[in-house]
Amino acid sequence: MAVAVPSEPPAFEPFPYRGDALFAEGSRLSDLAERFGTPLYVYSRTALETAWRGFDDALAGMAHQVCFAVKANGNLAVLDALARLGSGFDIVSGGELERVIAAGGDPGSVIFSGVGKSREEMRAGLAAGIRSFNVESVSELERLAEVARDLGRVAPVALRVNPDVDPKTHPHIATGLRSSKFGIPIEEARAVYAKGAGMRSLRMTGVGCHIGSQITSLDPFRDALRRVAALVDELAGNGIGIREVDVGGGLGIRYRDETPPSPAEYGAVVREVLGGRPVTVFVEPGRAVCGNAGVLLARVEYLKDNGGARFAIVDAAMNDFIRPALYDGWSRILPCERRGGGGRALYTVAGPVCESGDFLGRDRELDVREGDLVAILSAGAYGFVMSSNYNSRPRAAEVMVDGERVHLVRRRERADELHALESRLPAPPR
Ligand code: LLP
């Protein structure tokens, strides 16, 4: 079937060079590094908003709600900016629910995903009046029914089905294969709906799926959606009227030379497969909204040459940005102030953490000197949120630029705060 793709607006470039200086919207990155220190995450509000609107526009004409996946970037300012556009949120923990509420998000547009919801988290979701629980097993369904009954509430439920589709992405971020821990095998879903429909403290309203992340082709989405659509039709035939279809997240971005589909192309597939059914569509993008809206700034501490291997040791490390170490993630690394090119060499860009896996990029051609600043691009998703205090390193500060304005949206941690929750042993008995 021919798919109508709306024409796309010209791409907004949030981190352009102006002359030899790299900018974030109206701010020179080296100025931000001087002002706030490094390592520093810098987000572009315009880039975030543009990407979010890309999804919203892509589904125009269908009843829909874009629910940003908080796990990708949970900074309150990020959530706030998106909530002001009307975003809903996809959460996976009670902590993320608290964040959404603290950021001014509407709990009524929250979808609670995740394979291991605790009773406490279920109670919090019910108390907040969230839009839907995406249930991933029969045991979870029974637990939710019990928790809701005890609170005298009716829990809105979507089953997250596992459509058994290979998203052709890194194995750590593929979730829709039969062998993964996620979802309910789609062929078992009908029986689970029947069971849920018989529980008075549950309302079976939706079906959801999410097959993986950083997906760069439309085919896995189309395959998964077709299976979900067939299930919706089958359930309707059995008297279970599904009103909500959650198509998950997972659309990839360009880190290097990938050519992922645009949100418009993705939306066209959703329309093509689900169009005509009386359902509200939820979409849960994370990476595609914030991934290319953020960079990580680091300062070159040392240049060294070890037996022919050249290293640029910078002050950001795997604790700040773990994607290279964990998924072989590749992010472009650019100098914040370009030099002439005469000092160009191939470097492994590595951090101070005591692990050989602590690198941000390998074999990068750079013209840098000690004291220079570099930007690690495409760090807005699964960046700060996956950071840790390993090696007792205070976590980075975060800044959001908005045109000419700059907001510090998370101050840098202090070393003394890292052990503030700990105690020494009692004094020895005399
Ligand atoms: N919905 C559900 C139920 C999810 O599990 C996820 C991501 C999303 C939405 C958002 O997916 P996205 O649009 O961001 O692809 N830390 C890994 C990615 C883990 C993704 C987990 N689930 C990474 O850095 O690549």
# chains A, B, ... in the order shown; residues from 1 in each chain; ligands from 1
$ closest_atom_pairs --of "chain A" --to "ligand 1" --cutoff "7 Å" --atoms "only C-alpha atoms and all ligand atoms" --output "JSON lines"
{"residue": "A:Ala69", "atom": "CA", "partner": "ligand 1", "partner_atom_place_in_ligand_line": "10 (C)", "distance": 5.1}
{"residue": "A:Ala72", "atom": "CA", "partner": "ligand 1", "partner_atom_place_in_ligand_line": "14 (O)", "distance": 5.7}
{"residue": "A:Asp90", "atom": "CA", "partner": "ligand 1", "partner_atom_place_in_ligand_line": "1 (N)", "distance": 6.4}
{"residue": "A:Ser113", "atom": "CA", "partner": "ligand 1", "partner_atom_place_in_ligand_line": "3 (C)", "distance": 5.4}
{"residue": "A:Gly114", "atom": "CA", "partner": "ligand 1", "partner_atom_place_in_ligand_line": "3 (C)", "distance": 6.5}
{"residue": "A:Ile173", "atom": "CA", "partner": "ligand 1", "partner_atom_place_in_ligand_line": "19 (C)", "distance": 5.3}
{"residue": "A:His210", "atom": "CA", "partner": "ligand 1", "partner_atom_place_in_ligand_line": "3 (C)", "distance": 5.4}
{"residue": "A:Gly212", "atom": "CA", "partner": "ligand 1", "partner_atom_place_in_ligand_line": "15 (O)", "distance": 6.3}
{"residue": "A:Ser213", "atom": "CA", "partner": "ligand 1", "partner_atom_place_in_ligand_line": "15 (O)", "distance": 3.5}
{"residue": "A:Gln214", "atom": "CA", "partner": "ligand 1", "partner_atom_place_in_ligand_line": "15 (O)", "distance": 5.3}
{"residue": "A:Gly248", "atom": "CA", "partner": "ligand 1", "partner_atom_place_in_ligand_line": "1 (N)", "distance": 4.8}
{"residue": "A:Gly249", "atom": "CA", "partner": "ligand 1", "partner_atom_place_in_ligand_line": "13 (O)", "distance": 3.8}
{"residue": "A:Gly250", "atom": "CA", "partner": "ligand 1", "partner_atom_place_in_ligand_line": "15 (O)", "distance": 3.2}
{"residue": "A:Leu251", "atom": "CA", "partner": "ligand 1", "partner_atom_place_in_ligand_line": "13 (O)", "distance": 5.4}
{"residue": "A:Gly252", "atom": "CA", "partner": "ligand 1", "partner_atom_place_in_ligand_line": "15 (O)", "distance": 6.4}
{"residue": "A:Glu284", "atom": "CA", "partner": "ligand 1", "partner_atom_place_in_ligand_line": "9 (C)", "distance": 4.7}
{"residue": "A:Pro285", "atom": "CA", "partner": "ligand 1", "partner_atom_place_in_ligand_line": "13 (O)", "distance": 3.7}
{"residue": "A:Gly286", "atom": "CA", "partner": "ligand 1", "partner_atom_place_in_ligand_line": "14 (O)", "distance": 3.4}
{"residue": "A:Arg287", "atom": "CA", "partner": "ligand 1", "partner_atom_place_in_ligand_line": "14 (O)", "distance": 3.7}
{"residue": "A:Ala288", "atom": "CA", "partner": "ligand 1", "partner_atom_place_in_ligand_line": "13 (O)", "distance": 5.8}
{"residue": "A:Arg323", "atom": "CA", "partner": "ligand 1", "partner_atom_place_in_ligand_line": "24 (O)", "distance": 5.5}
{"residue": "A:Tyr327", "atom": "CA", "partner": "ligand 1", "partner_atom_place_in_ligand_line": "25 (O)", "distance": 6.9}
{"residue": "A:Ala381", "atom": "CA", "partner": "ligand 1", "partner_atom_place_in_ligand_line": "24 (O)", "distance": 6.9}
{"residue": "A:Tyr382", "atom": "CA", "partner": "ligand 1", "partner_atom_place_in_ligand_line": "24 (O)", "distance": 4.6}
$ write_last_selection --atoms "C-alpha atoms" --output "mmCIF file, in the first residue's frame"
data_model
loop_
_atom_site.group_PDB
_atom_site.id
_atom_site.type_symbol
_atom_site.label_atom_id
_atom_site.label_comp_id
_atom_site.auth_asym_id
_atom_site.auth_seq_id
_atom_site.Cartn_x
_atom_site.Cartn_y
_atom_site.Cartn_z
ATOM 1 C CA ALA A 69 10.250 7.566 27.805
ATOM 2 C CA ALA A 72 16.171 8.148 28.315
ATOM 3 C CA ASP A 90 6.349 6.348 29.841
ATOM 4 C CA SER A 113 5.888 -0.054 31.828
ATOM 5 C CA GLY A 114 8.394 -2.539 33.182
ATOM 6 C CA ILE A 173 18.676 -3.411 23.644
ATOM 7 C CA HIS A 210 8.030 -2.458 22.490
ATOM 8 C CA GLY A 212 13.833 -2.763 21.142
ATOM 9 C CA SER A 213 15.813 0.404 20.830
ATOM 10 C CA GLN A 214 17.967 2.173 18.207
ATOM 11 C CA GLY A 248 6.286 1.502 22.206
ATOM 12 C CA GLY A 249 9.445 3.427 21.450
ATOM 13 C CA GLY A 250 12.616 2.362 19.755
ATOM 14 C CA LEU A 251 13.095 4.603 16.736
ATOM 15 C CA GLY A 252 16.818 5.019 16.176
ATOM 16 C CA GLU A 284 6.866 6.089 23.701
ATOM 17 C CA PRO A 285 9.969 7.551 22.077
ATOM 18 C CA GLY A 286 12.991 8.234 24.246
ATOM 19 C CA ARG A 287 16.202 8.327 22.253
ATOM 20 C CA ALA A 288 14.669 9.865 19.134
ATOM 21 C CA ARG A 323 27.256 3.710 26.147
ATOM 22 C CA TYR A 327 27.064 -1.268 23.890
ATOM 23 C CA ALA A 381 19.705 9.913 25.682
ATOM 24 C CA TYR A 382 20.918 7.236 28.093
#
$ select_by_dssp --residues "region 60-294 of chain A" --states "helix (DSSP H, G or I)" --output "ChimeraX atom specification"
/A:70-72,76-85,94-102,107-109,119-128,138-151,171-173,186-197,219-237,263-274,287-293
$ residues_around --residues "Val228 (chain A)" --least-positions-apart "3" --cutoff "9 Å" --atoms "only C-alpha atoms" --output "list in words"
Val161, Pro163, Ile186, Val207, Gly208, Cys209, Asp223, Ala224, Leu225, Leu231, Val232, Asp233, Val245 and Val247 of chain A
$ residues_around --residues "region 44-49 of chain A" --least-positions-apart "4" --cutoff "7 Å" --atoms "only C-alpha atoms" --output "PyMOL selection string"
chain A and resi 12+14+24-25+53+82+289-290+293-294+400-402
$ write_last_selection --atoms "N, CA and C atoms" --output "PDB file, in the first residue's frame"
ATOM      1  N   PHE A  12      16.750  21.057  12.061  1.00  0.00           N
ATOM      2  CA  PHE A  12      17.323  22.063  12.952  1.00  0.00           C
ATOM      3  C   PHE A  12      18.660  21.527  13.456  1.00  0.00           C
ATOM      4  N   PRO A  14      21.181  21.806  16.254  1.00  0.00           N
ATOM      5  CA  PRO A  14      21.355  22.442  17.566  1.00  0.00           C
ATOM      6  C   PRO A  14      22.799  22.742  17.934  1.00  0.00           C
ATOM      7  N   ALA A  24      25.950  25.661  21.090  1.00  0.00           N
ATOM      8  CA  ALA A  24      24.676  25.019  21.406  1.00  0.00           C
ATOM      9  C   ALA A  24      23.656  26.135  21.275  1.00  0.00           C
ATOM     10  N   GLU A  25      22.822  26.071  20.250  1.00  0.00           N
ATOM     11  CA  GLU A  25      21.922  27.196  19.931  1.00  0.00           C
ATOM     12  C   GLU A  25      22.756  28.485  19.964  1.00  0.00           C
ATOM     13  N   ARG A  53       7.815  17.286  18.688  1.00  0.00           N
ATOM     14  CA  ARG A  53       6.740  17.691  17.765  1.00  0.00           C
ATOM     15  C   ARG A  53       6.733  16.832  16.516  1.00  0.00           C
ATOM     16  N   LEU A  82       8.902  19.166  27.927  1.00  0.00           N
ATOM     17  CA  LEU A  82       8.025  18.305  27.128  1.00  0.00           C
ATOM     18  C   LEU A  82       6.595  18.324  27.665  1.00  0.00           C
ATOM     19  N   VAL A 289      13.792  11.473  20.760  1.00  0.00           N
ATOM     20  CA  VAL A 289      13.438  12.827  21.189  1.00  0.00           C
ATOM     21  C   VAL A 289      14.665  13.562  21.742  1.00  0.00           C
ATOM     22  N   CYS A 290      15.449  12.856  22.575  1.00  0.00           N
ATOM     23  CA  CYS A 290      16.499  13.600  23.290  1.00  0.00           C
ATOM     24  C   CYS A 290      17.927  13.227  22.908  1.00  0.00           C
ATOM     25  N   ALA A 293      19.738  15.812  21.106  1.00  0.00           N
ATOM     26  CA  ALA A 293      19.508  17.129  21.711  1.00  0.00           C
ATOM     27  C   ALA A 293      20.499  17.384  22.834  1.00  0.00           C
ATOM     28  N   GLY A 294      21.477  16.496  23.006  1.00  0.00           N
ATOM     29  CA  GLY A 294      22.417  16.686  24.112  1.00  0.00           C
ATOM     30  C   GLY A 294      23.835  16.311  23.739  1.00  0.00           C
ATOM     31  N   MET A 400      20.705  23.498  30.274  1.00  0.00           N
ATOM     32  CA  MET A 400      19.839  23.541  29.096  1.00  0.00           C
ATOM     33  C   MET A 400      19.937  24.906  28.444  1.00  0.00           C
ATOM     34  N   VAL A 401      20.214  24.906  27.155  1.00  0.00           N
ATOM     35  CA  VAL A 401      20.228  26.172  26.422  1.00  0.00           C
ATOM     36  C   VAL A 401      18.888  26.335  25.720  1.00  0.00           C
ATOM     37  N   ASP A 402      18.495  27.576  25.622  1.00  0.00           N
ATOM     38  CA  ASP A 402      17.191  27.896  25.049  1.00  0.00           C
ATOM     39  C   ASP A 402      17.386  29.214  24.305  1.00  0.00           C
TER      40      ASP A 402
END
$ atom_distance --atom1 "CA of Ala345 (chain A)" --atom2 "CA of Glu258 (chain A)"
25.0 Å
$ closest_atom_pairs --of "region 3-89 of chain A" --to "region 406-429 of chain A" --cutoff "8 Å" --atoms "only C-alpha atoms" --output "JSON lines"
{"residue": "A:Ser27", "atom": "CA", "partner": "A:Val406", "partner_atom": "CA", "distance": 7.8}
{"residue": "A:Asn75", "atom": "CA", "partner": "A:Val409", "partner_atom": "CA", "distance": 7.5}
{"residue": "A:Leu76", "atom": "CA", "partner": "A:Val409", "partner_atom": "CA", "distance": 7.6}
{"residue": "A:Ala77", "atom": "CA", "partner": "A:Val409", "partner_atom": "CA", "distance": 6.3}
$ residues_around --residues "Asp166 (chain A)" --least-positions-apart "3" --cutoff "12 Å" --atoms "only C-alpha atoms" --output "list in words"
Asn162, Pro163, Thr169, His170, Pro171, Ile173, Ala174, Thr175, Gly176, Leu177, Arg178, Ser179, Ser180, His210, Ile211, Gly212, Ser213, Ile215, Ser217, Leu218, Asp219, Pro220, Phe221, Arg222, Asp223 and Ala224 of chain A
$ write_last_selection --atoms "N, CA and C atoms" --output "mmCIF file, in the first residue's frame"
data_model
loop_
_atom_site.group_PDB
_atom_site.id
_atom_site.type_symbol
_atom_site.label_atom_id
_atom_site.label_comp_id
_atom_site.auth_asym_id
_atom_site.auth_seq_id
_atom_site.Cartn_x
_atom_site.Cartn_y
_atom_site.Cartn_z
ATOM 1 N N ASN A 162 4.585 -9.680 23.552
ATOM 2 C CA ASN A 162 5.874 -9.862 22.897
ATOM 3 C C ASN A 162 5.606 -10.460 21.519
ATOM 4 N N PRO A 163 5.774 -9.634 20.481
ATOM 5 C CA PRO A 163 5.360 -10.088 19.143
ATOM 6 C C PRO A 163 6.366 -11.013 18.463
ATOM 7 N N THR A 169 19.020 -4.972 16.250
ATOM 8 C CA THR A 169 19.782 -3.944 16.938
ATOM 9 C C THR A 169 20.741 -4.642 17.890
ATOM 10 N N HIS A 170 21.471 -3.878 18.698
ATOM 11 C CA HIS A 170 22.415 -4.488 19.635
ATOM 12 C C HIS A 170 21.655 -5.433 20.583
ATOM 13 N N PRO A 171 22.189 -6.642 20.829
ATOM 14 C CA PRO A 171 21.444 -7.622 21.635
ATOM 15 C C PRO A 171 21.032 -7.103 23.020
ATOM 16 N N ILE A 173 19.826 -4.314 23.711
ATOM 17 C CA ILE A 173 18.676 -3.411 23.644
ATOM 18 C C ILE A 173 17.576 -3.952 22.725
ATOM 19 N N ALA A 174 17.599 -5.275 22.476
ATOM 20 C CA ALA A 174 16.500 -5.930 21.748
ATOM 21 C C ALA A 174 15.563 -6.536 22.786
ATOM 22 N N THR A 175 14.287 -6.257 22.674
ATOM 23 C CA THR A 175 13.364 -6.715 23.715
ATOM 24 C C THR A 175 12.185 -7.512 23.176
ATOM 25 N N GLY A 176 11.975 -7.505 21.862
ATOM 26 C CA GLY A 176 10.756 -8.093 21.315
ATOM 27 C C GLY A 176 10.922 -9.506 20.789
ATOM 28 N N LEU A 177 12.036 -10.156 21.131
ATOM 29 C CA LEU A 177 12.210 -11.542 20.705
ATOM 30 C C LEU A 177 11.610 -12.463 21.755
ATOM 31 N N ARG A 178 11.144 -13.613 21.309
ATOM 32 C CA ARG A 178 10.489 -14.555 22.210
ATOM 33 C C ARG A 178 11.367 -14.864 23.429
ATOM 34 N N SER A 179 12.670 -14.902 23.196
ATOM 35 C CA SER A 179 13.574 -15.328 24.270
ATOM 36 C C SER A 179 13.881 -14.206 25.269
ATOM 37 N N SER A 180 13.369 -12.982 25.065
ATOM 38 C CA SER A 180 13.693 -11.910 26.012
ATOM 39 C C SER A 180 12.752 -11.983 27.208
ATOM 40 N N HIS A 210 6.805 -3.248 22.662
ATOM 41 C CA HIS A 210 8.030 -2.458 22.490
ATOM 42 C C HIS A 210 9.081 -3.477 22.129
ATOM 43 N N ILE A 211 9.682 -3.341 20.968
ATOM 44 C CA ILE A 211 10.507 -4.455 20.477
ATOM 45 C C ILE A 211 12.004 -4.224 20.621
ATOM 46 N N GLY A 212 12.398 -3.011 21.001
ATOM 47 C CA GLY A 212 13.833 -2.763 21.142
ATOM 48 C C GLY A 212 14.135 -1.301 20.923
ATOM 49 N N SER A 213 15.390 -0.990 20.868
ATOM 50 C CA SER A 213 15.813 0.404 20.830
ATOM 51 C C SER A 213 16.862 0.591 19.732
ATOM 52 N N ILE A 215 16.395 1.250 16.599
ATOM 53 C CA ILE A 215 15.967 0.483 15.428
ATOM 54 C C ILE A 215 16.030 1.415 14.217
ATOM 55 N N SER A 217 15.293 0.536 10.868
ATOM 56 C CA SER A 217 14.485 0.232 9.684
ATOM 57 C C SER A 217 13.019 0.113 10.105
ATOM 58 N N LEU A 218 12.132 0.342 9.161
ATOM 59 C CA LEU A 218 10.708 0.322 9.495
ATOM 60 C C LEU A 218 10.140 -1.089 9.574
ATOM 61 N N ASP A 219 10.817 -2.041 8.941
ATOM 62 C CA ASP A 219 10.227 -3.387 8.830
ATOM 63 C C ASP A 219 9.881 -4.033 10.172
ATOM 64 N N PRO A 220 10.803 -3.996 11.158
ATOM 65 C CA PRO A 220 10.422 -4.635 12.431
ATOM 66 C C PRO A 220 9.203 -3.968 13.071
ATOM 67 N N PHE A 221 9.110 -2.642 12.943
ATOM 68 C CA PHE A 221 7.945 -1.952 13.498
ATOM 69 C C PHE A 221 6.670 -2.425 12.799
ATOM 70 N N ARG A 222 6.750 -2.498 11.468
ATOM 71 C CA ARG A 222 5.565 -2.882 10.695
ATOM 72 C C ARG A 222 5.139 -4.299 11.052
ATOM 73 N N ASP A 223 6.126 -5.199 11.136
ATOM 74 C CA ASP A 223 5.812 -6.596 11.469
ATOM 75 C C ASP A 223 5.144 -6.681 12.838
ATOM 76 N N ALA A 224 5.735 -5.982 13.816
ATOM 77 C CA ALA A 224 5.198 -6.060 15.176
ATOM 78 C C ALA A 224 3.784 -5.471 15.214
#
$ residues_around --residues "Gly196 (chain A)" --least-positions-apart "4" --cutoff "12 Å" --atoms "only C-alpha atoms" --output "mmCIF file with N, CA, C and O atoms, in the first residue's frame"
data_model
loop_
_atom_site.group_PDB
_atom_site.id
_atom_site.type_symbol
_atom_site.label_atom_id
_atom_site.label_comp_id
_atom_site.auth_asym_id
_atom_site.auth_seq_id
_atom_site.Cartn_x
_atom_site.Cartn_y
_atom_site.Cartn_z
ATOM 1 N N VAL A 135 1.070 -4.337 31.663
ATOM 2 C CA VAL A 135 1.329 -5.540 32.457
ATOM 3 C C VAL A 135 2.066 -6.568 31.606
ATOM 4 O O VAL A 135 1.742 -6.783 30.439
ATOM 5 N N SER A 137 3.041 -9.926 32.772
ATOM 6 C CA SER A 137 2.935 -11.352 33.106
ATOM 7 C C SER A 137 1.625 -11.606 33.836
ATOM 8 O O SER A 137 0.984 -10.668 34.332
ATOM 9 N N VAL A 138 1.244 -12.883 33.918
ATOM 10 C CA VAL A 138 0.016 -13.243 34.632
ATOM 11 C C VAL A 138 0.178 -12.945 36.119
ATOM 12 O O VAL A 138 -0.737 -12.430 36.767
ATOM 13 N N SER A 139 1.364 -13.216 36.662
ATOM 14 C CA SER A 139 1.580 -12.930 38.089
ATOM 15 C C SER A 139 1.408 -11.446 38.374
ATOM 16 O O SER A 139 0.840 -11.051 39.391
ATOM 17 N N GLU A 140 1.908 -10.620 37.456
ATOM 18 C CA GLU A 140 1.769 -9.178 37.661
ATOM 19 C C GLU A 140 0.300 -8.761 37.586
ATOM 20 O O GLU A 140 -0.161 -7.911 38.359
ATOM 21 N N LEU A 141 -0.425 -9.381 36.667
ATOM 22 C CA LEU A 141 -1.859 -9.075 36.520
ATOM 23 C C LEU A 141 -2.589 -9.384 37.833
ATOM 24 O O LEU A 141 -3.389 -8.575 38.322
ATOM 25 N N GLU A 142 -2.261 -10.538 38.401
ATOM 26 C CA GLU A 142 -2.919 -10.943 39.657
ATOM 27 C C GLU A 142 -2.534 -10.015 40.793
ATOM 28 O O GLU A 142 -3.371 -9.607 41.605
ATOM 29 N N ARG A 143 -1.259 -9.624 40.827
ATOM 30 C CA ARG A 143 -0.819 -8.725 41.891
ATOM 31 C C ARG A 143 -1.500 -7.363 41.764
ATOM 32 O O ARG A 143 -1.971 -6.791 42.745
ATOM 33 N N LEU A 144 -1.582 -6.867 40.528
ATOM 34 C CA LEU A 144 -2.197 -5.551 40.325
ATOM 35 C C LEU A 144 -3.677 -5.582 40.710
ATOM 36 O O LEU A 144 -4.197 -4.653 41.342
ATOM 37 N N ALA A 145 -4.355 -6.692 40.369
ATOM 38 C CA ALA A 145 -5.780 -6.824 40.705
ATOM 39 C C ALA A 145 -5.955 -6.756 42.218
ATOM 40 O O ALA A 145 -6.859 -6.092 42.734
ATOM 41 N N GLU A 146 -5.038 -7.411 42.923
ATOM 42 C CA GLU A 146 -5.124 -7.463 44.380
ATOM 43 C C GLU A 146 -4.860 -6.077 44.999
ATOM 44 O O GLU A 146 -5.611 -5.609 45.856
ATOM 45 N N VAL A 154 -10.061 0.730 40.431
ATOM 46 C CA VAL A 154 -10.025 -0.112 39.235
ATOM 47 C C VAL A 154 -8.790 0.297 38.441
ATOM 48 O O VAL A 154 -8.628 1.473 38.097
ATOM 49 N N ALA A 155 -7.898 -0.653 38.195
ATOM 50 C CA ALA A 155 -6.657 -0.332 37.488
ATOM 51 C C ALA A 155 -6.843 -0.476 35.981
ATOM 52 O O ALA A 155 -7.295 -1.521 35.514
ATOM 53 N N PRO A 156 -6.490 0.586 35.226
ATOM 54 C CA PRO A 156 -6.522 0.473 33.762
ATOM 55 C C PRO A 156 -5.319 -0.335 33.282
ATOM 56 O O PRO A 156 -4.188 -0.033 33.657
ATOM 57 N N VAL A 157 -5.567 -1.340 32.466
ATOM 58 C CA VAL A 157 -4.496 -2.267 32.088
ATOM 59 C C VAL A 157 -4.356 -2.402 30.576
ATOM 60 O O VAL A 157 -5.346 -2.538 29.849
ATOM 61 N N ALA A 158 -3.105 -2.371 30.138
ATOM 62 C CA ALA A 158 -2.776 -2.821 28.782
ATOM 63 C C ALA A 158 -1.848 -4.003 28.962
ATOM 64 O O ALA A 158 -1.036 -4.011 29.888
ATOM 65 N N LEU A 159 -1.976 -5.019 28.143
ATOM 66 C CA LEU A 159 -0.983 -6.089 28.205
ATOM 67 C C LEU A 159 0.132 -5.749 27.248
ATOM 68 O O LEU A 159 -0.112 -5.365 26.098
ATOM 69 N N ALA A 189 -1.698 -14.147 24.734
ATOM 70 C CA ALA A 189 -2.337 -12.919 25.215
ATOM 71 C C ALA A 189 -3.856 -13.062 25.325
ATOM 72 O O ALA A 189 -4.460 -12.568 26.267
ATOM 73 N N ARG A 190 -4.462 -13.763 24.371
ATOM 74 C CA ARG A 190 -5.918 -13.851 24.377
ATOM 75 C C ARG A 190 -6.433 -14.434 25.696
ATOM 76 O O ARG A 190 -7.374 -13.914 26.300
ATOM 77 N N ALA A 191 -5.775 -15.476 26.155
ATOM 78 C CA ALA A 191 -6.192 -16.116 27.411
ATOM 79 C C ALA A 191 -5.991 -15.159 28.591
ATOM 80 O O ALA A 191 -6.803 -15.120 29.518
ATOM 81 N N VAL A 192 -4.907 -14.366 28.531
ATOM 82 C CA VAL A 192 -4.648 -13.450 29.649
ATOM 83 C C VAL A 192 -5.684 -12.307 29.643
ATOM 84 O O VAL A 192 -6.125 -11.874 30.706
ATOM 85 N N ARG A 200 -12.625 -7.881 38.669
ATOM 86 C CA ARG A 200 -13.404 -6.654 38.789
ATOM 87 C C ARG A 200 -12.575 -5.408 39.076
ATOM 88 O O ARG A 200 -13.018 -4.295 38.823
ATOM 89 N N SER A 201 -11.386 -5.595 39.634
ATOM 90 C CA SER A 201 -10.567 -4.415 39.941
ATOM 91 C C SER A 201 -9.648 -4.037 38.778
ATOM 92 O O SER A 201 -8.773 -3.186 38.923
ATOM 93 N N LEU A 202 -9.854 -4.670 37.628
ATOM 94 C CA LEU A 202 -9.063 -4.319 36.444
ATOM 95 C C LEU A 202 -9.991 -3.921 35.310
ATOM 96 O O LEU A 202 -11.106 -4.432 35.193
ATOM 97 N N ARG A 203 -9.479 -2.991 34.475
ATOM 98 C CA ARG A 203 -10.196 -2.664 33.237
ATOM 99 C C ARG A 203 -9.216 -2.890 32.100
ATOM 100 O O ARG A 203 -8.183 -2.215 32.028
ATOM 101 N N MET A 204 -9.495 -3.866 31.255
ATOM 102 C CA MET A 204 -8.554 -4.210 30.182
ATOM 103 C C MET A 204 -8.797 -3.257 29.013
ATOM 104 O O MET A 204 -9.735 -3.435 28.236
ATOM 105 N N THR A 205 -7.944 -2.241 28.918
ATOM 106 C CA THR A 205 -8.224 -1.187 27.938
ATOM 107 C C THR A 205 -7.288 -1.192 26.736
ATOM 108 O O THR A 205 -7.605 -0.607 25.709
ATOM 109 N N GLY A 206 -6.102 -1.797 26.904
ATOM 110 C CA GLY A 206 -5.140 -1.600 25.822
ATOM 111 C C GLY A 206 -4.258 -2.791 25.543
ATOM 112 O O GLY A 206 -4.269 -3.804 26.239
ATOM 113 N N ILE A 240 -13.841 -8.278 23.545
ATOM 114 C CA ILE A 240 -12.955 -7.439 24.354
ATOM 115 C C ILE A 240 -12.532 -6.253 23.484
ATOM 116 O O ILE A 240 -11.748 -6.399 22.548
#
$ select_by_dssp --residues "region 33-256 of chain A" --states "strand (DSSP E or B)" --output "tab-separated table (two decimals) with C-alpha atoms, in the first residue's frame"
chain	number	residue	atom	x	y	z
A	40	LEU	CA	29.08	19.00	31.53
A	41	TYR	CA	25.94	17.81	29.77
A	42	VAL	CA	24.39	20.47	27.54
A	43	TYR	CA	20.87	20.08	26.15
A	44	SER	CA	19.14	22.12	23.47
A	64	HIS	CA	-2.83	9.80	19.94
A	65	GLN	CA	-0.56	10.73	22.81
A	66	VAL	CA	3.22	10.98	22.67
A	67	CYS	CA	4.56	9.60	25.96
A	68	PHE	CA	8.24	10.46	26.33
A	69	ALA	CA	10.25	7.57	27.81
A	88	GLY	CA	2.64	12.18	28.38
A	89	PHE	CA	5.32	9.97	29.91
A	90	ASP	CA	6.35	6.35	29.84
A	91	ILE	CA	7.81	5.33	33.19
A	110	VAL	CA	1.53	8.37	32.38
A	111	ILE	CA	2.03	4.80	31.21
A	112	PHE	CA	3.73	2.49	33.65
A	132	SER	CA	-2.40	2.77	32.20
A	133	PHE	CA	-0.31	-0.09	33.58
A	134	ASN	CA	1.45	-2.07	30.90
A	135	VAL	CA	1.33	-5.54	32.46
A	155	ALA	CA	-6.66	-0.33	37.49
A	156	PRO	CA	-6.52	0.47	33.76
A	157	VAL	CA	-4.50	-2.27	32.09
A	158	ALA	CA	-2.78	-2.82	28.78
A	159	LEU	CA	-0.98	-6.09	28.21
A	160	ARG	CA	2.49	-5.72	26.85
A	161	VAL	CA	2.70	-8.47	24.30
A	162	ASN	CA	5.87	-9.86	22.90
A	174	ALA	CA	16.50	-5.93	21.75
A	184	ILE	CA	3.60	-11.82	27.28
A	185	PRO	CA	4.00	-14.12	24.25
A	202	LEU	CA	-9.06	-4.32	36.44
A	203	ARG	CA	-10.20	-2.66	33.24
A	204	MET	CA	-8.55	-4.21	30.18
A	205	THR	CA	-8.22	-1.19	27.94
A	206	GLY	CA	-5.14	-1.60	25.82
A	207	VAL	CA	-2.44	-3.58	24.16
A	208	GLY	CA	1.19	-2.55	24.06
A	212	GLY	CA	13.83	-2.76	21.14
A	215	ILE	CA	15.97	0.48	15.43
A	244	GLU	CA	-5.67	1.94	23.27
A	245	VAL	CA	-2.68	0.67	21.35
A	246	ASP	CA	0.77	1.49	22.69
A	251	LEU	CA	13.10	4.60	16.74
$ closest_residue --among "A:Ala325, A:Leu85, A:Ala33, A:Val147" --to "Ala375 (chain A)" --atoms "only C-alpha atoms"
A:Ala33
$ residues_around --residues "Val368 (chain A)" --least-positions-apart "2" --cutoff "8 Å" --atoms "only C-alpha atoms" --output "PyMOL selection string"
chain A and resi 300+335+339+343-344+366+370+372
$ atom_distance --atom1 "CA of Pro263 (chain A)" --atom2 "CA of Val100 (chain A)"
23.7 Å
$ closest_residue --among "A:Ser118, A:Thr38, A:Asn73, A:Ser30" --to "Ala379 (chain A)" --atoms "only C-alpha atoms"
A:Asn73
$ atom_distance --atom1 "CA of Asp257 (chain A)" --atom2 "CA of Phe311 (chain A)"
24.3 Å
$ closest_residue --among "A:Tyr390, A:Ser356, A:Gly351, A:Met122" --to "Asp150 (chain A)" --atoms "only C-alpha atoms"
A:Met122
